[in-house]
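Pasting final.csv here (CSV, C-alpha atoms):
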```csv
chain,number,residue,atom,x,y,z
T,8,MET,CA,96.2,166.0,297.1
T,9,PHE,CA,97.1,162.5,298.4
T,10,GLU,CA,94.5,162.8,301.1
T,11,SER,CA,91.7,163.7,298.7
T,12,ILE,CA,92.6,160.8,296.5
T,13,VAL,CA,92.4,158.4,299.5
T,14,LEU,CA,89.1,159.9,300.5
T,15,GLY,CA,87.8,159.5,297.0
T,16,ILE,CA,88.7,155.8,297.1
T,17,VAL,CA,87.1,155.4,300.5
T,18,GLN,CA,83.9,157.1,299.2
T,19,GLY,CA,83.7,154.8,296.2
T,20,LEU,CA,84.4,151.7,298.3
T,21,THR,CA,81.9,152.4,301.1
T,22,GLU,CA,79.0,154.3,299.6
T,23,PHE,CA,77.0,151.3,298.5
T,24,LEU,CA,78.1,148.9,301.2
T,25,PRO,CA,76.0,149.0,304.3
T,26,ILE,CA,78.9,150.4,306.4
T,27,SER,CA,78.4,154.2,306.0
T,28,SER,CA,80.7,156.2,303.6
T,29,SER,CA,80.3,159.4,305.7
T,30,ALA,CA,81.5,157.6,308.8
T,31,HIS,CA,84.5,156.3,307.0
T,32,GLN,CA,85.5,159.6,305.6
T,33,ARG,CA,85.2,161.1,309.1
T,34,ILE,CA,87.3,158.3,310.6
T,35,VAL,CA,89.9,158.2,307.9
T,36,GLY,CA,90.3,162.0,308.1
T,37,GLU,CA,91.3,161.7,311.7
T,38,PHE,CA,94.4,159.7,310.8
T,39,PHE,CA,95.8,162.2,308.3
T,40,SER,CA,98.6,164.5,309.3
T,41,ASN,CA,96.3,167.3,310.0
T,42,ALA,CA,93.8,165.0,311.8
T,43,GLN,CA,90.9,167.0,310.4
T,44,ASP,CA,87.3,166.2,309.6
T,45,PRO,CA,86.8,166.4,305.8
T,46,GLY,CA,83.4,167.9,306.5
T,47,ALA,CA,79.8,167.3,305.5
T,48,ARG,CA,80.3,169.5,302.4
T,49,PHE,CA,83.2,167.4,301.1
T,50,THR,CA,81.3,164.2,301.8
T,51,ALA,CA,78.1,165.4,300.0
T,52,ILE,CA,80.0,166.6,296.9
T,53,THR,CA,82.0,163.4,296.5
T,54,GLN,CA,78.8,161.4,296.8
T,55,ILE,CA,77.8,163.0,293.5
T,56,GLY,CA,80.5,160.8,291.9
T,57,THR,CA,79.1,157.6,293.3
T,58,GLU,CA,75.5,158.5,292.3
T,59,LEU,CA,76.7,159.2,288.8
T,60,ALA,CA,77.9,155.6,288.8
T,61,VAL,CA,74.4,154.6,289.7
T,62,LEU,CA,73.0,156.6,286.9
T,63,ILE,CA,75.2,155.0,284.4
T,64,PHE,CA,75.0,151.5,285.7
T,65,PHE,CA,71.1,151.6,285.9
T,66,ARG,CA,70.8,153.9,282.9
T,67,ASN,CA,68.2,151.8,281.1
T,68,ASP,CA,66.1,151.2,284.2
T,69,ILE,CA,66.2,154.9,285.1
T,70,LYS,CA,65.4,156.0,281.6
T,71,ASN,CA,62.4,153.8,281.4
T,72,ILE,CA,61.1,154.9,284.8
T,73,VAL,CA,61.5,158.6,284.0
T,74,LEU,CA,59.8,158.2,280.6
T,75,ALA,CA,56.9,156.2,282.0
T,76,TRP,CA,56.4,158.6,284.9
T,77,PHE,CA,56.6,161.7,282.6
T,78,ASN,CA,54.1,160.2,280.2
T,79,GLN,CA,51.7,159.6,283.0
T,80,ALA,CA,52.2,162.6,285.2
T,81,VAL,CA,52.9,165.3,282.7
T,82,LEU,CA,51.6,164.2,279.3
T,83,ARG,CA,48.7,162.3,280.7
T,84,LYS,CA,49.1,159.5,278.3
T,85,ASP,CA,47.6,156.0,278.6
T,86,LEU,CA,50.4,153.6,279.6
T,87,THR,CA,50.9,150.1,278.4
T,88,ALA,CA,50.9,147.2,280.9
T,89,ASP,CA,54.7,147.2,281.0
T,90,GLN,CA,54.9,151.0,281.6
T,91,LYS,CA,52.5,151.2,284.5
T,92,PRO,CA,54.8,149.5,287.1
T,93,LEU,CA,57.6,151.8,285.9
T,94,ALA,CA,55.6,155.0,286.4
T,95,ARG,CA,54.5,153.6,289.8
T,96,MET,CA,58.2,153.2,290.7
T,97,GLY,CA,58.8,156.8,289.8
T,98,TRP,CA,56.1,157.9,292.2
T,99,LEU,CA,57.5,155.7,294.9
T,100,ILE,CA,60.9,157.1,294.5
T,101,ILE,CA,59.5,160.6,294.8
T,102,ILE,CA,57.4,159.7,297.9
T,103,GLY,CA,60.4,157.9,299.5
T,104,SER,CA,62.6,160.9,299.0
T,105,LEU,CA,60.4,163.3,300.9
T,106,PRO,CA,61.5,162.5,304.4
T,107,ILE,CA,65.2,162.9,303.9
T,108,GLY,CA,64.7,166.0,301.8
T,109,ILE,CA,62.6,167.7,304.5
T,110,LEU,CA,64.7,166.7,307.4
T,111,GLY,CA,68.0,167.3,305.6
T,112,TYR,CA,66.9,170.9,304.7
T,113,PHE,CA,65.6,172.0,308.0
T,114,GLY,CA,68.2,170.1,310.1
T,115,ARG,CA,71.3,171.0,307.9
T,116,ASP,CA,73.0,173.0,310.7
T,117,ILE,CA,72.8,170.1,313.2
T,118,ILE,CA,73.9,167.6,310.5
T,119,THR,CA,76.9,169.7,309.5
T,120,ASN,CA,78.1,170.3,313.1
T,121,ASP,CA,76.6,168.1,315.9
T,122,PHE,CA,76.3,164.9,313.9
T,123,ARG,CA,80.1,164.8,313.1
T,124,SER,CA,81.1,163.6,316.6
T,125,LEU,CA,83.1,160.3,316.5
T,126,TRP,CA,81.3,159.2,319.6
T,127,LEU,CA,78.0,159.3,317.8
T,128,ILE,CA,79.4,157.8,314.6
T,129,ALA,CA,81.0,154.8,316.4
T,130,SER,CA,77.8,154.2,318.4
T,131,SER,CA,75.7,154.4,315.2
T,132,LEU,CA,78.0,151.9,313.4
T,133,ILE,CA,77.4,149.3,316.2
T,134,ILE,CA,73.7,149.9,316.9
T,135,PHE,CA,72.6,149.9,313.3
T,136,GLY,CA,74.9,147.0,312.5
T,137,VAL,CA,73.0,145.0,315.0
T,138,ILE,CA,69.7,146.2,313.6
T,139,LEU,CA,70.7,145.3,310.0
T,140,GLY,CA,71.8,141.9,311.2
T,141,LEU,CA,68.5,141.2,312.9
T,142,ALA,CA,66.5,142.4,309.9
T,143,ASP,CA,68.6,140.4,307.5
T,144,HIS,CA,68.3,137.2,309.5
T,145,TYR,CA,64.6,137.4,310.3
T,146,GLY,CA,63.4,139.0,307.1
T,147,LYS,CA,60.9,136.7,305.2
T,148,LYS,CA,62.9,137.1,301.9
T,149,GLU,CA,59.8,136.8,299.7
T,150,LYS,CA,58.9,140.1,298.0
T,151,GLY,CA,60.2,141.7,294.8
T,152,LEU,CA,60.0,145.4,293.8
T,153,SER,CA,56.7,144.7,292.0
T,154,GLU,CA,55.1,144.4,295.4
T,155,LEU,CA,56.4,147.7,296.7
T,156,ASN,CA,53.5,150.0,297.8
T,157,VAL,CA,53.1,153.5,299.0
T,158,LYS,CA,53.3,152.6,302.7
T,159,HIS,CA,56.5,150.6,302.2
T,160,GLY,CA,57.9,153.3,300.0
T,161,MET,CA,57.4,155.9,302.8
T,162,LEU,CA,58.9,153.5,305.4
T,163,TYR,CA,61.9,153.1,303.1
T,164,GLY,CA,62.2,156.9,302.9
T,165,LEU,CA,62.0,157.3,306.7
T,166,ALA,CA,64.8,154.7,307.0
T,167,GLN,CA,66.9,156.5,304.5
T,168,SER,CA,66.5,159.8,306.5
T,169,LEU,CA,68.4,158.1,309.4
T,170,ALA,CA,71.5,158.2,307.1
T,171,LEU,CA,71.7,161.9,307.9
T,172,ILE,CA,73.5,160.6,311.0
T,173,PRO,CA,77.0,159.5,309.8
T,174,GLY,CA,77.5,155.9,310.8
T,175,VAL,CA,74.0,154.8,310.1
T,176,SER,CA,74.6,154.2,306.3
T,177,ARG,CA,72.0,155.1,303.7
T,178,SER,CA,72.1,151.6,302.1
T,179,GLY,CA,72.3,149.9,305.5
T,180,ALA,CA,69.2,151.7,306.8
T,181,THR,CA,67.1,151.1,303.6
T,182,ILE,CA,68.2,147.5,303.2
T,183,ALA,CA,67.4,146.8,306.9
T,184,MET,CA,63.9,148.3,306.4
T,185,GLY,CA,63.4,146.3,303.2
T,186,ARG,CA,64.5,143.1,304.9
T,187,TYR,CA,62.2,143.8,307.8
T,188,LEU,CA,59.3,144.4,305.4
T,189,GLY,CA,60.0,141.0,303.7
T,190,TYR,CA,61.8,142.0,300.5
T,191,THR,CA,64.6,139.9,299.1
T,192,ARG,CA,68.2,141.2,299.5
T,193,GLU,CA,68.5,142.1,295.8
T,194,ALA,CA,65.1,143.9,295.7
T,195,ALA,CA,66.0,145.9,298.9
T,196,LEU,CA,69.4,146.8,297.4
T,197,ARG,CA,68.0,147.9,294.0
T,198,TYR,CA,65.4,150.2,295.6
T,199,SER,CA,68.1,151.6,297.9
T,200,PHE,CA,70.2,152.5,294.8
T,201,LEU,CA,67.2,154.2,293.1
T,202,LEU,CA,65.9,155.9,296.2
T,203,ALA,CA,69.3,157.5,296.9
T,204,LEU,CA,69.5,159.4,293.6
T,205,PRO,CA,67.2,162.4,294.4
T,206,ALA,CA,68.5,162.8,297.9
T,207,VAL,CA,72.2,162.6,297.1
T,208,PHE,CA,72.2,164.7,294.0
T,209,GLY,CA,70.0,167.3,295.8
T,210,SER,CA,72.4,167.4,298.8
T,211,GLY,CA,75.5,167.3,296.7
T,212,PHE,CA,74.6,170.1,294.3
T,213,TYR,CA,73.3,172.2,297.2
T,214,GLN,CA,76.7,171.9,298.9
T,215,LEU,CA,78.5,172.4,295.6
T,216,LYS,CA,76.7,175.7,295.1
T,217,ASP,CA,77.8,176.9,298.5
T,218,ALA,CA,81.4,175.7,298.0
T,219,PHE,CA,81.8,178.0,295.0
T,220,GLY,CA,80.9,181.0,297.1
T,221,SER,CA,83.0,180.1,300.2
T,222,GLU,CA,85.9,178.0,299.2
T,223,ALA,CA,88.1,179.3,302.0
T,224,SER,CA,85.9,177.5,304.5
T,225,ASN,CA,86.5,174.1,302.8
T,226,VAL,CA,89.0,171.6,304.2
T,227,TYR,CA,89.9,170.6,300.6
T,228,SER,CA,90.0,172.9,297.6
T,229,LEU,CA,87.5,172.5,294.8
T,230,PRO,CA,90.0,170.9,292.5
T,231,GLN,CA,90.9,168.4,295.2
T,232,THR,CA,87.2,167.7,295.8
T,233,PHE,CA,86.6,167.2,292.1
T,234,ILE,CA,89.4,164.7,291.9
T,235,ALA,CA,88.0,162.8,294.9
T,236,THR,CA,84.6,162.8,293.2
T,237,ALA,CA,86.0,161.4,289.9
T,238,ILE,CA,87.8,158.7,291.8
T,239,ALA,CA,84.7,157.9,293.8
T,240,PHE,CA,82.8,157.5,290.5
T,241,VAL,CA,85.2,154.9,289.1
T,242,VAL,CA,85.5,152.9,292.3
T,243,GLY,CA,81.8,153.1,293.0
T,244,TYR,CA,80.9,151.7,289.6
T,245,ALA,CA,83.0,148.6,290.2
T,246,VAL,CA,81.5,148.2,293.7
T,247,ILE,CA,77.9,148.2,292.3
T,248,ALA,CA,78.6,145.4,289.9
T,249,TRP,CA,80.3,143.3,292.6
T,250,LEU,CA,77.6,144.0,295.3
T,251,LEU,CA,74.7,143.0,293.1
T,252,LYS,CA,76.3,139.6,292.5
T,253,PHE,CA,77.4,139.2,296.1
T,254,VAL,CA,73.9,139.6,297.6
T,255,THR,CA,72.3,137.0,295.4
T,256,THR,CA,74.2,134.2,297.3
T,257,LYS,CA,75.6,135.8,300.4
T,258,SER,CA,74.1,137.5,303.5
T,259,PHE,CA,75.2,140.9,304.9
T,260,MET,CA,76.9,139.3,307.9
T,261,PRO,CA,80.5,140.2,306.9
T,262,PHE,CA,79.4,143.9,306.8
T,263,ILE,CA,77.6,143.6,310.2
T,264,ILE,CA,80.7,142.1,311.8
T,265,TYR,CA,82.9,144.8,310.2
T,266,ARG,CA,80.6,147.6,311.5
T,267,ILE,CA,80.6,146.3,315.0
T,268,ALA,CA,84.4,145.8,315.0
T,269,LEU,CA,85.1,149.3,313.5
T,270,GLY,CA,82.7,151.0,315.9
T,271,THR,CA,84.2,149.3,318.9
T,272,THR,CA,87.7,150.1,317.8
T,273,VAL,CA,86.8,153.8,317.4
T,274,LEU,CA,85.3,153.9,320.9
T,275,VAL,CA,88.4,152.3,322.3
T,276,LEU,CA,90.6,154.9,320.5
T,277,LEU,CA,88.4,157.7,321.7
T,278,SER,CA,88.5,156.5,325.3
T,279,ALA,CA,92.2,156.2,325.2
T,280,GLY,CA,92.6,159.7,323.9
T,281,ILE,CA,94.4,158.5,320.7
T,282,ILE,CA,91.9,160.3,318.5
T,283,ASN,CA,89.8,163.3,319.2
T,284,PRO,CA,86.0,163.2,319.0
```

Encoded form using structure tokens:
Amino acid sequence: MFESIVLGIVQGLTEFLPISSSAHQRIVGEFFSNAQDPGARFTAITQIGTELAVLIFFRNDIKNIVLAWFNQAVLRKDLTADQKPLARMGWLIIIGSLPIGILGYFGRDIITNDFRSLWLIASSLIIFGVILGLADHYGKKEKGLSELNVKHGMLYGLAQSLALIPGVSRSGATIAMGRYLGYTREAALRYSFLLALPAVFGSGFYQLKDAFGSEASNVYSLPQTFIATAIAFVVGYAVIAWLLKFVTTKSFMPFIIYRIALGTTVLVLLSAGIINP
């Protein structure tokens, strides 16, 4: 139970920071007494908790987007000037979710097995840390979400799909793409939050469905996983509030330095045989 509590805290702390929650769960699991990978299933289910935090934190924004999109797409109503950008955002979230949905479904076996290597995770932490640093430094920092278009929404979605590789970071990849395209840090972060909802809930509930049918194959029992998910929700909610304030005045450099340092440390530990890949 202690291990699942720790992993829940880790999930909540790292999901929204551009440092990869799945990488941290994989790395932390290696230092427990059984030195075992918590698994892609455990990670996907606990991410439901952090995305529930997004739903509640942005509940008014999400409600307005869903209502405007539903009125336009289903009820075919004429929208007000204020509702049109909201409906458009709904479409952009759908479009941006397609790449990770398609790749995640057809590549699920590779994701569950081959992508859990610590060699790959450590390398991804370093490489995409450098990419985020370059994008954040050289981004034009001009555009808000009102300027988001279909092309950029799809590019955001392609960036998000890279997060299928633990170590890349869903928020890190989408923020890097947003900064490269010239969006402000806050705009890139907000769209990253919204874009993650369909993908994370889809993956989490898909894994949860399978977990009920094959609990024996899980590293942690369902009660342990649910406790970790609840803890991730509470911690994640606090992190959202802090991060939105942080990016208004600070760069992502502390996270970039941390990514490179962590990735390098894991590579050294692997090379020395202290931890297993």

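Between Ser278 in chain T and the residues T:Ile12, T:Met96, T:Ala129, T:Ala180, the shortest atom-to-atom distance, using only C-alpha atoms, involves T:Ala129.
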
Across T:Met184, T:Leu99, T:Leu204, T:Leu59, the smallest distance to Leu141 in chain T, with all atoms listed in the file counted, is shown by T:Met184

From CA of Gln79 in chain T to CA of Lys91 in chain T the spacing works out at 8.6 Å

Would you pick out the contacts of Met8 in chain T at 12 Å or less, using all atoms listed in the file, so that residues sharing its chain but fewer than 3 positions from it are not included, and give the list as number ranges by chain? T: 11-15, 39, 226-235

Tell me which residues come within 12 Å of (58.1, 158.0, 287.5), as a ChimeraX atom specification, counting all atoms listed in the file in the file's coordinates. /T:68-81,86,90-102,201-202

Please indicate the distance in Å from CA of Val157 in chain T to CA of Pro106 in chain T, rounded to one decimal place.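 Between CA of Val157 in chain T and CA of Pro106 in chain T the gap is 13.4 Å.
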
Who sits within 7 Å of range 186-196 of chain T, only C-alpha atoms, same chain under 2 positions skipped, as number ranges by chain: T: 142-143, 146-152, 182-184, 198-200, 251, 254-255

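In terms of minimum interatomic distance to Ile282 in chain T, T:Asp44 ranks closest within T:Asp44, T:Glu22, T:Glu10, T:Glu58, counting only C-alpha atoms.
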
Å distance separating CA of Leu165 in chain T from CA of Gly114 in chain T, one decimal place: 14.6 Å

When distances are computed from all atoms listed in the file, which of T:Val207, T:Ile118, T:Ile107, T:Ile26 shows the smallest separation from Tyr163 in chain T? T:Ile107

Closest atom pairs, residues of range 80-145 of chain T within 12 Å of range 48-55 of chain T, all atoms listed in the file, as CSV:
```
residue,atom,partner,partner_atom,distance
T:Gly111,CA,T:Ala51,CA,11.7
T:Arg115,CA,T:Arg48,CA,10.7
T:Asp116,CA,T:Arg48,CA,11.6
T:Ile118,CA,T:Arg48,CA,10.5
T:Thr119,CA,T:Arg48,CA,7.9
T:Asn120,CA,T:Arg48,CA,11.0
T:Arg123,CA,T:Thr50,CA,11.4
```

Just the residues within 12 Å of Tyr265 in chain T, please, counting all atoms listed in the file, with nothing from its chain fewer than 5 positions along; format it as a list of chain:residue names.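 Surrounding residues, per the criterion: T:Thr21, T:Leu24, T:Pro25, T:Ile26, T:Ser27, T:Ala129, T:Leu132, T:Ile133, T:Phe135, T:Gly136, T:Val137, T:Gly140, T:Phe259, T:Met260, T:Gly270, T:Thr271, T:Thr272.
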
With distances taken over all atoms listed in the file, which of T:Gly56, T:Phe122, T:Leu20, T:Val241 is nearest to Ala170 in chain T?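 Counting all atoms listed in the file, the residue closest to Ala170 in chain T is T:Phe122.
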
Cut-off 8 Å: closest range 21-78 of chain T/range 243-246 of chain T atom pairs per residue, using only C-alpha atoms, as JSON lines:
```
{"residue": "T:Glu22", "atom": "CA", "partner": "T:Gly243", "partner_atom": "CA", "distance": 7.3}
{"residue": "T:Phe23", "atom": "CA", "partner": "T:Val246", "partner_atom": "CA", "distance": 7.3}
{"residue": "T:Gly56", "atom": "CA", "partner": "T:Gly243", "partner_atom": "CA", "distance": 7.9}
{"residue": "T:Thr57", "atom": "CA", "partner": "T:Gly243", "partner_atom": "CA", "distance": 5.3}
{"residue": "T:Ala60", "atom": "CA", "partner": "T:Tyr244", "partner_atom": "CA", "distance": 5.0}
{"residue": "T:Val61", "atom": "CA", "partner": "T:Tyr244", "partner_atom": "CA", "distance": 7.1}
{"residue": "T:Phe64", "atom": "CA", "partner": "T:Tyr244", "partner_atom": "CA", "distance": 7.1}
```

Using all atoms listed in the file: which of T:Gly108, T:Gly179, T:Pro205, T:Gly211 has the shortest distance to Ile263 in chain T: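 So, comparing all the options, the nearest one is T:Gly179.
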
For Ile281 in chain T, please output as a ChimeraX atom specification all residues within 12 Å (counting all atoms listed in the file; exclusion window: fewer than 4 positions along the same chain). /T:37-38,42,272-277

Quick one: range 56-88 of chain T with N, CA and C atoms, as a CSV table (one decimal), in the coordinates of the input?
```
chain,number,residue,atom,x,y,z
T,56,GLY,N,79.7,161.7,292.8
T,56,GLY,CA,80.5,160.8,291.9
T,56,GLY,C,79.9,159.4,292.0
T,57,THR,N,79.6,158.9,293.2
T,57,THR,CA,79.1,157.6,293.3
T,57,THR,C,77.7,157.5,292.8
T,58,GLU,N,76.9,158.5,292.9
T,58,GLU,CA,75.5,158.5,292.3
T,58,GLU,C,75.6,158.6,290.8
T,59,LEU,N,76.6,159.3,290.2
T,59,LEU,CA,76.7,159.2,288.8
T,59,LEU,C,77.0,157.8,288.3
T,60,ALA,N,77.7,157.0,289.1
T,60,ALA,CA,77.9,155.6,288.8
T,60,ALA,C,76.6,154.9,288.8
T,61,VAL,N,75.7,155.2,289.7
T,61,VAL,CA,74.4,154.6,289.7
T,61,VAL,C,73.6,154.9,288.5
T,62,LEU,N,73.7,156.2,288.1
T,62,LEU,CA,73.0,156.6,286.9
T,62,LEU,C,73.4,155.9,285.7
T,63,ILE,N,74.7,155.7,285.5
T,63,ILE,CA,75.2,155.0,284.4
T,63,ILE,C,74.9,153.5,284.4
T,64,PHE,N,75.1,152.9,285.6
T,64,PHE,CA,75.0,151.5,285.7
T,64,PHE,C,73.5,151.1,285.5
T,65,PHE,N,72.6,151.9,286.0
T,65,PHE,CA,71.1,151.6,285.9
T,65,PHE,C,70.5,152.5,284.9
T,66,ARG,N,71.3,152.9,283.9
T,66,ARG,CA,70.8,153.9,282.9
T,66,ARG,C,69.5,153.5,282.2
T,67,ASN,N,69.4,152.2,281.8
T,67,ASN,CA,68.2,151.8,281.1
T,67,ASN,C,67.0,151.8,282.0
T,68,ASP,N,67.2,151.2,283.2
T,68,ASP,CA,66.1,151.2,284.2
T,68,ASP,C,65.6,152.6,284.5
T,69,ILE,N,66.6,153.5,284.7
T,69,ILE,CA,66.2,154.9,285.1
T,69,ILE,C,65.5,155.6,284.0
T,70,LYS,N,66.0,155.4,282.8
T,70,LYS,CA,65.4,156.0,281.6
T,70,LYS,C,64.0,155.6,281.4
T,71,ASN,N,63.7,154.3,281.6
T,71,ASN,CA,62.4,153.8,281.4
T,71,ASN,C,61.4,154.3,282.5
T,72,ILE,N,62.0,154.4,283.7
T,72,ILE,CA,61.1,154.9,284.8
T,72,ILE,C,60.8,156.3,284.6
T,73,VAL,N,61.8,157.1,284.2
T,73,VAL,CA,61.5,158.6,284.0
T,73,VAL,C,60.5,158.8,282.9
T,74,LEU,N,60.7,158.1,281.8
T,74,LEU,CA,59.8,158.2,280.6
T,74,LEU,C,58.4,157.8,280.9
T,75,ALA,N,58.3,156.7,281.6
T,75,ALA,CA,56.9,156.2,282.0
T,75,ALA,C,56.2,157.2,282.9
T,76,TRP,N,57.0,157.7,283.9
T,76,TRP,CA,56.4,158.6,284.9
T,76,TRP,C,56.0,160.0,284.2
T,77,PHE,N,56.9,160.4,283.3
T,77,PHE,CA,56.6,161.7,282.6
T,77,PHE,C,55.4,161.6,281.7
T,78,ASN,N,55.3,160.4,281.0
T,78,ASN,CA,54.1,160.2,280.2
T,78,ASN,C,52.8,160.2,281.0
T,79,GLN,N,52.9,159.6,282.1
T,79,GLN,CA,51.7,159.6,283.0
T,79,GLN,C,51.4,160.9,283.7
T,80,ALA,N,52.4,161.4,284.4
T,80,ALA,CA,52.2,162.6,285.2
T,80,ALA,C,52.1,163.9,284.5
T,81,VAL,N,52.8,164.1,283.4
T,81,VAL,CA,52.9,165.3,282.7
T,81,VAL,C,52.1,165.3,281.4
T,82,LEU,N,52.3,164.3,280.6
T,82,LEU,CA,51.6,164.2,279.3
T,82,LEU,C,50.2,163.5,279.4
T,83,ARG,N,50.0,162.9,280.5
T,83,ARG,CA,48.7,162.3,280.7
T,83,ARG,C,48.3,161.2,279.7
T,84,LYS,N,49.3,160.5,279.3
T,84,LYS,CA,49.1,159.5,278.3
T,84,LYS,C,48.7,158.2,278.9
T,85,ASP,N,48.0,157.3,278.2
T,85,ASP,CA,47.6,156.0,278.6
T,85,ASP,C,48.9,155.1,278.5
T,86,LEU,N,49.2,154.4,279.6
T,86,LEU,CA,50.4,153.6,279.6
T,86,LEU,C,50.1,152.2,279.2
T,87,THR,N,51.1,151.5,278.7
T,87,THR,CA,50.9,150.1,278.4
T,87,THR,C,51.1,149.3,279.8
T,88,ALA,N,50.8,148.0,279.7
T,88,ALA,CA,50.9,147.2,280.9
T,88,ALA,C,52.3,147.2,281.4
```
